[in-house]
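> Take a look at data_23.txt, compact mmCIF, C-alpha atoms:
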```txt
# COMPACT_ATOMS: atom_id res chain seq x y z
CA TYR Z 1 72.47 172.69 96.48
CA LYS Z 2 69.42 173.55 98.59
CA PRO Z 3 68.77 177.30 98.78
CA ALA Z 4 66.96 178.57 101.87
CA LEU Z 5 65.06 181.18 99.85
CA ILE Z 6 63.52 180.89 96.38
CA LEU Z 7 62.03 183.66 94.25
CA LEU Z 8 59.87 181.66 91.85
CA ASP Z 9 58.37 183.29 88.80
CA ARG Z 10 54.95 181.91 87.99
CA GLN Z 11 55.60 182.07 84.25
CA LEU Z 12 58.72 180.11 83.35
CA GLU Z 13 60.13 179.69 79.87
CA ASP Z 14 59.49 175.95 79.91
CA GLY Z 15 56.43 175.71 82.14
CA ASP Z 16 54.40 177.04 85.03
CA GLY Z 17 56.20 177.92 88.26
CA LEU Z 18 53.27 176.46 90.19
CA HIS Z 19 54.17 173.03 88.81
CA LEU Z 20 57.67 173.48 90.20
CA LEU Z 21 56.15 174.60 93.48
CA ALA Z 22 54.12 171.40 93.63
CA ARG Z 23 57.24 169.36 92.87
CA LEU Z 24 59.10 171.04 95.75
CA SER Z 25 56.36 169.87 98.11
CA GLU Z 26 57.36 166.27 97.24
CA PHE Z 27 60.56 166.69 99.27
CA PRO Z 28 59.44 166.66 102.93
CA ASN Z 29 62.94 167.30 104.31
CA TYR Z 30 63.48 170.40 102.18
CA ARG Z 31 61.52 173.46 103.27
CA PRO Z 32 62.81 176.65 101.62
CA LEU Z 33 60.95 179.91 102.02
CA ILE Z 34 59.36 180.68 98.69
CA PHE Z 35 58.11 183.93 97.21
CA ILE Z 36 55.97 183.58 94.09
CA VAL Z 37 56.49 186.42 91.60
CA THR Z 38 53.55 186.85 89.26
CA ALA Z 39 51.60 189.27 87.10
CA ASP Z 40 48.40 187.40 88.05
CA ILE Z 41 46.71 189.80 90.49
CA HIS Z 42 44.11 187.13 91.31
CA LEU Z 43 46.57 184.53 92.59
CA ARG Z 44 46.06 183.84 96.31
CA ALA Z 45 48.12 181.82 98.76
CA ASP Z 46 45.18 179.49 99.48
CA GLN Z 47 45.33 178.35 95.82
CA LEU Z 48 48.84 176.93 96.32
CA PRO Z 49 50.04 173.66 97.85
CA SER Z 50 49.80 173.96 101.64
CA GLN Z 51 52.88 171.78 102.19
CA VAL Z 52 55.14 174.56 100.96
CA ALA Z 53 56.46 177.30 103.25
CA LEU Z 54 55.17 180.15 101.12
CA ALA Z 55 56.68 183.40 102.35
CA GLY Z 56 54.52 185.54 100.11
CA ILE Z 57 53.24 186.50 96.70
CA LEU Z 58 54.87 189.45 94.93
CA HIS Z 59 53.13 191.06 91.98
CA LYS Z 60 54.80 192.37 88.84
CA PRO Z 61 56.02 194.87 88.05
CA LEU Z 62 58.16 194.45 91.15
CA SER Z 63 60.34 197.29 92.33
CA PHE Z 64 63.54 196.88 94.30
CA GLU Z 65 61.85 198.64 97.23
CA GLU Z 66 58.98 196.13 97.25
CA LEU Z 67 61.40 193.21 97.13
CA SER Z 68 63.51 194.74 99.87
CA GLN Z 69 60.45 195.24 102.10
CA ALA Z 70 59.33 191.65 101.56
CA LEU Z 71 62.76 190.25 102.36
CA GLN Z 72 63.62 192.56 105.29
CA PRO Z 73 62.06 190.37 108.02
CA LEU Z 74 64.03 187.39 106.70
CA ILE Z 75 67.25 189.41 106.51
CA SER Z 76 66.75 190.68 110.06
CA LEU Z 77 66.11 187.16 111.31
CA HIS Z 78 69.19 185.87 109.54
CA GLU Z 79 71.36 188.70 110.90
CA SER Z 80 70.17 188.07 114.47
CA ARG Z 81 71.12 184.39 114.40
CA PRO Z 82 74.48 183.54 115.96
CA THR Z 83 77.16 182.45 113.54
CA ALA Z 84 79.74 179.73 114.04
CA ASN Z 85 82.39 182.44 114.50
CA SER Z 86 80.42 184.28 117.21
CA ALA Z 87 79.78 181.03 119.08
CA ALA Z 88 83.49 180.19 118.99
CA GLU Z 89 84.38 183.62 120.39
CA ASP Z 90 82.24 183.12 123.53
```
Mind turning this structure into structure tokens?

Amino acid sequence: YKPALILLDRQLEDGDGLHLLARLSEFPNYRPLIFIVTADIHLRADQLPSQVALAGILHKPLSFEELSQALQPLISLHESRPTANSAAED
């Protein structure tokens, strides 16, 4: 399974989410949009692997409204794309 969107917590139970982020960059044919979720207010996008399509950094505590605002452009883009059903109806 290859999700198109990943919300990646920086602090994982068994490691650092940035290590997973670096591992994802090893797969050149897989380019999900990734949001890093972190309590580290000093973390900047330029500190992360440039090969990854980083959609943004979200800081904890994260409210539903903040998450919704961050995802809205992606939701709008997804909703504006034609589906297989709409193409078949034309």
> Quick one: distance from atom CA of Ala39 of chain Z to atom CA of Ser25 of chain Z in Å, one decimal?
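Distance between the two atoms: 22.8 Å.
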> What does the distance from atom CA of Phe27 of chain Z to atom CA of Leu8 of chain Z come to in Å, to one decimal?
16.7 Å
> Which polymer residues, whether protein, DNA or RNA, lie within 6 Å of the coordinate (64.8, 179.5, 98.2) when you count all atoms listed in the file? List them as an MDAnalysis selection string, using the chain letters and numbers from the file.
chainID Z and resid 3:6 32:34
> Using Å and a single decimal, report how far atom CA of Arg31 of chain Z sits from atom CA of Ala53 of chain Z.
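These atoms are spaced 6.4 Å apart.
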> Around segment 28-47 of chain Z, with edges along x, y and z and 4 Å added on all six sides, what centre and edge lengths do you get, in Å to one decimal, as lines of an AutoDock Vina configuration file?

```
center_x = 53.8
center_y = 178.2
center_z = 95.7
size_x = 27.4
size_y = 31.1
size_z = 25.2
```
> Fewer than 3 positions away in the same chain doesn't count, so skip those; otherwise give me all residues within 8 Å of segment 45-48 of chain Z, counting all atoms listed in the file, as a ChimeraX atom specification.
/Z:18,54,56-57
> Please determine, counting only C-alpha atoms, which residue among Z:Val37, Z:Leu58, Z:Leu74, Z:Leu67 has the shortest atom-to-atom distance to Asp16 of chain Z.
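Nearest candidate to Asp16 of chain Z out of Z:Val37, Z:Leu58, Z:Leu74, Z:Leu67: Z:Val37.
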> Taking into account all atoms listed in the file, which residue in the set Z:Gln69, Z:Ser63, Z:Ser80, Z:Thr38 is nearest to Gln11 of chain Z?
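Under the stated criterion, the closest residue is Z:Thr38.
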